[in-house]
Structures are given as C-alpha cells and as structure tokens.
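Note: the block below is upload-v5.cif and it holds mmCIF, C-alpha atoms.
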```cif
data_input
#
loop_
_atom_site.label_atom_id
_atom_site.label_comp_id
_atom_site.auth_asym_id
_atom_site.auth_seq_id
_atom_site.Cartn_x
_atom_site.Cartn_y
_atom_site.Cartn_z
CA MET A 1 -171.50 -189.88 91.08
CA GLY A 2 -169.24 -191.21 88.29
CA ILE A 3 -169.59 -194.69 86.88
CA HIS A 4 -166.53 -195.87 88.78
CA ASP A 5 -168.04 -194.72 92.07
CA SER A 6 -170.88 -197.22 91.69
CA ILE A 7 -168.61 -200.24 91.19
CA PRO A 8 -168.10 -202.14 94.47
CA VAL A 9 -164.50 -202.62 95.61
CA ILE A 10 -163.21 -204.97 98.28
CA ALA A 11 -159.75 -203.83 99.39
CA ILE A 12 -157.52 -206.40 101.07
CA ASP A 13 -154.29 -204.98 102.48
CA GLY A 14 -151.56 -206.46 104.61
CA PRO A 15 -147.85 -207.22 104.87
CA SER A 16 -145.88 -209.51 102.57
CA ALA A 17 -147.06 -213.16 102.44
CA SER A 18 -150.01 -212.56 104.74
CA GLY A 19 -152.23 -214.47 102.32
CA LYS A 20 -153.71 -211.47 100.51
CA GLY A 21 -153.33 -212.97 97.07
CA ALA A 22 -154.80 -216.39 97.79
CA VAL A 23 -157.70 -214.90 99.74
CA SER A 24 -158.38 -212.21 97.14
CA LYS A 25 -158.41 -214.68 94.26
CA LYS A 26 -160.91 -216.96 96.01
CA VAL A 27 -163.13 -214.06 97.02
CA SER A 28 -163.08 -212.59 93.50
CA ASN A 29 -163.88 -215.98 91.94
CA THR A 30 -166.77 -216.55 94.35
CA LEU A 31 -168.28 -213.12 93.71
CA GLY A 32 -167.48 -213.01 90.00
CA PHE A 33 -165.44 -209.84 90.53
CA HIS A 34 -162.26 -208.79 88.76
CA TYR A 35 -158.98 -209.15 90.65
CA LEU A 36 -156.08 -206.73 91.11
CA GLU A 37 -152.73 -207.88 92.49
CA SER A 38 -151.21 -204.43 92.86
CA GLY A 39 -147.87 -205.72 94.09
CA LEU A 40 -147.11 -207.13 90.64
CA LEU A 41 -146.82 -203.60 89.30
CA TYR A 42 -144.18 -202.64 91.86
CA ARG A 43 -142.35 -205.91 91.24
CA ALA A 44 -142.39 -205.17 87.52
CA ALA A 45 -141.04 -201.67 88.15
CA ALA A 46 -138.29 -203.13 90.34
CA PHE A 47 -137.51 -205.75 87.71
CA VAL A 48 -137.11 -203.02 85.09
CA ALA A 49 -134.82 -201.03 87.40
CA ILE A 50 -132.62 -204.05 88.17
CA ASN A 51 -132.37 -205.17 84.54
CA ASN A 52 -131.27 -201.68 83.51
CA ASN A 53 -128.84 -201.18 86.41
CA LEU A 54 -130.79 -198.18 87.71
CA PRO A 55 -130.59 -196.85 91.28
CA LEU A 56 -133.61 -197.84 93.36
CA GLU A 57 -134.43 -194.30 94.37
CA GLY A 58 -134.60 -190.82 92.88
CA ASN A 59 -135.75 -189.21 89.65
CA LEU A 60 -133.72 -191.37 87.28
CA VAL A 61 -135.57 -194.60 88.00
CA SER A 62 -138.91 -192.78 88.14
CA GLU A 63 -138.41 -191.15 84.74
CA PHE A 64 -137.23 -194.40 83.16
CA ILE A 65 -140.13 -196.46 84.49
CA SER A 66 -142.68 -193.84 83.39
CA LYS A 67 -141.45 -194.22 79.80
CA GLN A 68 -142.04 -197.98 79.74
CA LYS A 69 -145.28 -199.45 78.43
CA ILE A 70 -146.54 -201.39 81.42
CA SER A 71 -149.86 -203.15 80.96
CA TRP A 72 -152.02 -206.08 82.04
CA SER A 73 -152.37 -209.23 79.95
CA GLU A 74 -155.69 -211.04 79.66
CA ASP A 75 -154.74 -213.51 82.40
CA GLY A 76 -153.62 -210.79 84.82
CA SER A 77 -149.88 -211.06 84.15
CA ILE A 78 -147.75 -207.95 83.75
CA LEU A 79 -146.39 -206.94 80.38
CA VAL A 80 -143.50 -204.52 79.97
CA ASN A 81 -143.15 -203.24 76.41
CA GLY A 82 -145.21 -206.21 75.25
CA ASN A 83 -143.15 -208.86 77.04
CA ILE A 84 -144.33 -210.89 80.04
CA CYS A 85 -142.29 -210.12 83.16
CA THR A 86 -140.59 -213.14 84.71
CA ARG A 87 -138.73 -213.68 88.00
CA LEU A 88 -141.07 -211.26 89.75
CA TYR A 89 -140.97 -213.31 92.97
CA ASP A 90 -137.19 -213.53 93.25
CA PRO A 91 -136.00 -212.24 96.67
CA GLU A 92 -133.90 -209.55 94.96
CA VAL A 93 -136.94 -208.25 93.11
CA SER A 94 -139.10 -208.39 96.25
CA LEU A 95 -136.73 -206.18 98.23
CA ALA A 96 -136.22 -203.84 95.29
CA ALA A 97 -140.01 -203.50 94.93
CA SER A 98 -140.25 -202.14 98.47
CA ARG A 99 -137.54 -199.57 97.74
CA VAL A 100 -139.02 -198.48 94.42
CA SER A 101 -142.46 -198.19 96.02
CA ARG A 102 -141.12 -195.48 98.34
CA ILE A 103 -140.86 -193.07 95.37
CA PRO A 104 -144.04 -190.91 95.19
CA SER A 105 -143.81 -190.36 91.41
CA VAL A 106 -143.59 -194.12 90.81
CA ARG A 107 -146.65 -194.71 92.98
CA LYS A 108 -148.55 -191.98 91.11
CA PHE A 109 -147.64 -193.50 87.73
CA LEU A 110 -148.66 -197.01 88.77
CA MET A 111 -151.91 -195.87 90.40
CA ARG A 112 -153.44 -195.28 86.97
CA LEU A 113 -152.75 -198.89 86.04
CA GLN A 114 -154.35 -200.04 89.27
CA MET A 115 -157.46 -197.98 88.56
CA ASP A 116 -157.67 -199.57 85.10
CA ARG A 117 -158.70 -202.84 86.79
CA LEU A 118 -161.87 -201.23 88.21
CA ARG A 119 -164.67 -202.65 86.07
CA GLU A 120 -168.17 -204.01 86.44
CA PRO A 121 -169.40 -206.00 88.27
CA GLY A 122 -166.77 -205.29 90.95
CA LEU A 123 -163.15 -205.56 92.00
CA VAL A 124 -161.16 -207.31 94.71
CA ALA A 125 -157.87 -205.45 95.14
CA ASP A 126 -154.96 -206.68 97.22
CA GLY A 127 -151.93 -204.65 98.21
CA ARG A 128 -150.62 -202.38 100.94
CA ASP A 129 -152.58 -199.17 100.37
CA MET A 130 -155.69 -200.32 98.52
CA GLY A 131 -158.09 -199.27 101.27
CA THR A 132 -156.18 -196.20 102.44
CA VAL A 133 -155.05 -194.54 99.19
CA VAL A 134 -156.06 -196.22 95.93
CA PHE A 135 -159.67 -197.14 96.75
CA PRO A 136 -160.57 -195.12 99.88
CA ASN A 137 -164.30 -195.56 99.14
CA ALA A 138 -164.14 -199.37 99.02
CA ILE A 139 -167.31 -200.97 100.42
CA LEU A 140 -165.15 -203.36 102.46
CA LYS A 141 -161.60 -202.89 103.73
CA VAL A 142 -159.74 -205.85 105.16
CA PHE A 143 -156.32 -205.81 106.82
CA LEU A 144 -154.89 -209.32 106.72
CA THR A 145 -151.89 -210.20 108.84
CA ALA A 146 -149.96 -213.11 110.37
CA THR A 147 -146.73 -213.63 112.29
CA ALA A 148 -143.48 -213.10 110.37
CA GLU A 149 -142.50 -216.75 110.85
CA VAL A 150 -145.74 -218.06 109.36
CA ARG A 151 -145.53 -215.60 106.49
CA ALA A 152 -141.94 -216.63 105.78
CA LYS A 153 -142.99 -220.29 105.57
CA ARG A 154 -145.79 -219.42 103.16
CA ARG A 155 -143.49 -217.38 100.92
CA PHE A 156 -140.84 -220.14 101.04
CA LEU A 157 -143.35 -222.71 99.78
CA GLN A 158 -144.53 -220.27 97.10
CA LEU A 159 -140.98 -219.71 95.89
CA LYS A 160 -140.30 -223.45 95.78
CA GLN A 161 -143.22 -223.79 93.37
CA HIS A 162 -141.36 -221.40 91.06
CA ASN A 163 -138.23 -223.61 91.35
CA SER A 164 -136.46 -220.86 93.24
CA CYS A 165 -133.39 -221.90 95.24
CA VAL A 166 -133.94 -220.16 98.56
CA ARG A 167 -133.52 -220.93 102.25
CA ILE A 168 -136.18 -220.35 104.88
CA ASN A 169 -133.92 -218.09 106.95
CA GLU A 170 -133.26 -215.92 103.90
CA VAL A 171 -136.98 -215.63 103.25
CA LEU A 172 -137.64 -214.63 106.86
CA ARG A 173 -134.95 -211.95 106.60
CA GLU A 174 -136.59 -210.65 103.41
CA ILE A 175 -140.02 -210.59 105.09
CA LEU A 176 -138.70 -208.56 108.04
CA LEU A 177 -136.89 -206.13 105.73
CA ARG A 178 -140.01 -205.63 103.63
CA ASP A 179 -142.07 -205.03 106.75
CA SER A 180 -139.60 -202.34 107.77
CA TYR A 181 -139.54 -200.69 104.33
CA ASP A 182 -143.32 -200.78 103.91
CA SER A 183 -144.25 -199.52 107.38
CA THR A 184 -141.74 -196.65 107.49
CA ARG A 185 -142.02 -195.15 104.00
CA GLU A 186 -143.21 -191.54 103.95
CA TYR A 187 -145.94 -192.03 101.37
CA SER A 188 -148.66 -194.72 101.45
CA SER A 189 -147.08 -196.60 104.33
CA LEU A 190 -148.47 -199.98 105.34
CA VAL A 191 -151.23 -199.32 107.86
CA ALA A 192 -154.74 -200.60 108.40
CA ALA A 193 -157.52 -198.24 107.31
CA GLU A 194 -159.50 -196.80 110.20
CA ASN A 195 -162.62 -198.77 109.28
CA ALA A 196 -160.85 -201.96 108.18
CA VAL A 197 -161.78 -205.43 109.37
CA ILE A 198 -158.61 -206.87 110.96
CA ILE A 199 -158.04 -210.59 110.33
CA ASP A 200 -155.10 -212.51 111.78
CA SER A 201 -154.57 -215.56 109.58
CA THR A 202 -151.73 -217.08 111.62
CA ASP A 203 -153.81 -220.00 112.91
CA GLN A 204 -156.59 -219.96 110.32
CA SER A 205 -156.97 -221.95 107.13
CA LEU A 206 -157.35 -220.20 103.80
CA ASP A 207 -161.01 -221.25 103.55
CA CYS A 208 -161.80 -219.86 107.01
CA VAL A 209 -160.33 -216.48 106.12
CA VAL A 210 -162.16 -216.45 102.78
CA ASP A 211 -165.46 -217.28 104.52
CA GLU A 212 -164.94 -214.41 106.96
CA VAL A 213 -164.23 -211.94 104.16
CA LEU A 214 -167.26 -213.15 102.20
CA PHE A 215 -169.44 -212.77 105.29
CA HIS A 216 -168.45 -209.12 105.69
CA ALA A 217 -168.71 -208.57 101.92
CA SER A 218 -172.25 -209.94 101.77
CA GLN A 219 -173.33 -207.48 104.46
CA ARG A 220 -171.84 -204.52 102.59
CA ILE A 221 -173.04 -205.54 99.12
CA TYR A 222 -176.55 -206.31 100.38
CA ASN A 223 -176.76 -202.80 101.81
CA LEU A 224 -175.62 -201.04 98.62
#
```
Go ahead and express the file in the form of structure tokens.
Amino acid sequence: MGIHDSIPVIAIDGPSASGKGAVSKKVSNTLGFHYLESGLLYRAAAFVAINNNLPLEGNLVSEFISKQKISWSEDGSILVNGNICTRLYDPEVSLAASRVSRIPSVRKFLMRLQMDRLREPGLVADGRDMGTVVFPNAILKVFLTATAEVRAKRRFLQLKQHNSCVRINEVLREILLRDSYDSTREYSSLVAAENAVIIDSTDQSLDCVVDEVLFHASQRIYNL
C-alpha cells in the first residue's frame, strides 16, 4: 500500500450547481481535510482555449493546454503561467468547460493536478468523476443532485455575487446544456458510483446536507 492509499478521500460528485462546492467546503473545514474543486481545472482549461481562440475539441486544444503551467495557489485558486484565472464562472466558460472535458487527453493531463491535492490528513474532492475515476478507492462517495430549476437559481445567485449580468432563463439553459454534455460524453461521464450515497438537496438546507455527509463520513473514518 502506497502512502496515498492510506489517505482518506471523500468524493462528492453531482451535476452543475447541485451544491457540491458549498457542501465540500463545509465538510473539509469540519474534518480539517484539504479541499479539491476539480471543476476549476476544466474551467481554467476552457478559459485558456477561449482566450487563444482555440477550437473546443481535438488535438490542437489538448496540445496547447498541456504546454501551459497550470497550478494551485495557496488559497486554492487556479494559476495559469503564474497568473490567477478570472471569469471562470462566466456562462461562456462554463459551457466551454463541458466541451473541453470531453477530450480524453485533457482529462488525463488534469488528473495529475487533481491527484496533487491528495495530502494528509485527508481530502474532500468535488466534481463529476471523483468517485468513479479519479479516486475510485474513496472511503465515502456521495452523489449530490437537485432539480434543474433549483440548481439554476443557485447558480444565478452565485453569478450575481461575481457581478455577472445574467438572466435566470439563460442560467437554466446553461444548466440543461451542461447536464447533456456531462452525461453523454464518452469518457468519465456524469454518473453515480455504484456504492455512492445519493442525496437530493432540492428541499434540504446546506447544513442538513452537510450533516448527512458528515454522518456517513464518521462511520467510514471510524472503521478505517
């Protein structure tokens, strides 16, 4: 058993705006674990592609992205060639991230950066394939979901905090498109792991969902 195999991982997957990030941050803070927001990497890759007028599929974008120095800052932000990425939550970037994430070579390149976040005493990782592909041996796998309408409202409020000028109907359209992209891609499609705990957060508060995840986590960690 390697050193990384002994580090506990809680994988929280789910569709866009299902609450993965908020839940994962609270769970990681409570447990004192590190936190991985894997979606930031794909948003950063999409941002790079858009800024350089690259097609969102094929070898050209993959080769270009692999030559960039993408890294994590101390506060968990994404750096590209030493510069902090901005506008990562713009609707254009969100949709582009889903398209870029369909490229197997891009996923392989970014997986190394995801694995770099695996450190003692543990990791809470949120994304779309954390429990199925990146951390298949996670001690706890959660699949968090909610209705598209509720998720669109959450994303709309999140975007407003970033002073983004968006409309709720545009956000809902983006959510539905991302769901389609993520669930139909050939590699690492969005699907709950066979042994995942399914949590529907549509009618639940953030604290209730966090408490449920912590309950399941305590059972797994106690039995390590």
Would you translate the PyMOL selection byres ((chain A and resi 148) around 8) into the concrete set of residues it matches in this file, as a PyMOL selection string? chain A and resi 146-147+149-152+172+175-176
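Around Val171 (chain A), within 8 Å and counting all atoms listed in the file, the residues found are Pro91, Ala152, Lys153, Arg155, Phe156 and Val166 of chain A, once anything fewer than 5 positions away on its own chain is removed.
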Determine the residue membership of the PyMOL selection byres ((chain A and resi 19-35) around 9) for the file above and supply it as a ChimeraX atom specification. /A:9-18,36-37,76,117-127,143-146,151,154,201,206-207,209-211,213-214
Using all atoms listed in the file, which of A:Leu40, A:Asn81, A:Val100, A:Lys160 sits nearest Leu113 (chain A)? A:Leu40
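Here CA of Ile199 (chain A) is placed at a distance of 28.6 Å from CA of Glu92 (chain A).
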So which residues touch region 41-48 of chain A within 12 Å, counting only C-alpha atoms, skipping near sequence neighbours fewer than 6 positions away, as a PyMOL selection string? chain A and resi 54-57+61-72+76-81+83-103+106-114+126-128
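The environment of Ala196 (chain A) within 8 Å, counting all atoms listed in the file and disregarding residues fewer than 5 places along the same chain, consists of Gly131, Leu140, Lys141, Val142 and Phe143 of chain A.
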Output for the residues just chosen: C-alpha atoms as a compact mmCIF listing (two decimals), keeping the file's coordinate frame:
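The resulting file, again_33.txt, is shown below:
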```txt
# COMPACT_ATOMS: atom_id res chain seq x y z
CA GLY A 131 -158.09 -199.27 101.27
CA LEU A 140 -165.15 -203.36 102.46
CA LYS A 141 -161.60 -202.89 103.73
CA VAL A 142 -159.74 -205.85 105.16
CA PHE A 143 -156.32 -205.81 106.82
```
Need the axis-aligned box for region 109-128 of chain A with 8 Å each side, so what are the centre and edges in Å to one decimal, as AutoDock Vina command-line options?
```
--center_x -158.5 --center_y -200.4 --center_z 93.0 --size_x 37.8 --size_y 29.8 --size_z 31.8
```
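Computed from the coordinates, the CA of Ser205 (chain A) to CA of Gln219 (chain A) distance equals 22.0 Å.
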For region 104-156 of chain A versus region 179-190 of chain A, which residues have an atom no more than 8 Å away, and what is each residue's nearest atom pair and distance in Å rounded to one decimal, using only C-alpha atoms, chain-then-number order, as a Markdown table?
```
| residue | atom | partner | partner_atom | distance |
| --- | --- | --- | --- | --- |
| A:Pro104 | CA | A:Tyr187 | CA | 6.6 |
| A:Arg128 | CA | A:Leu190 | CA | 5.5 |
| A:Asp129 | CA | A:Ser188 | CA | 6.0 |
| A:Thr132 | CA | A:Ser188 | CA | 7.7 |
| A:Val133 | CA | A:Ser188 | CA | 6.8 |
```
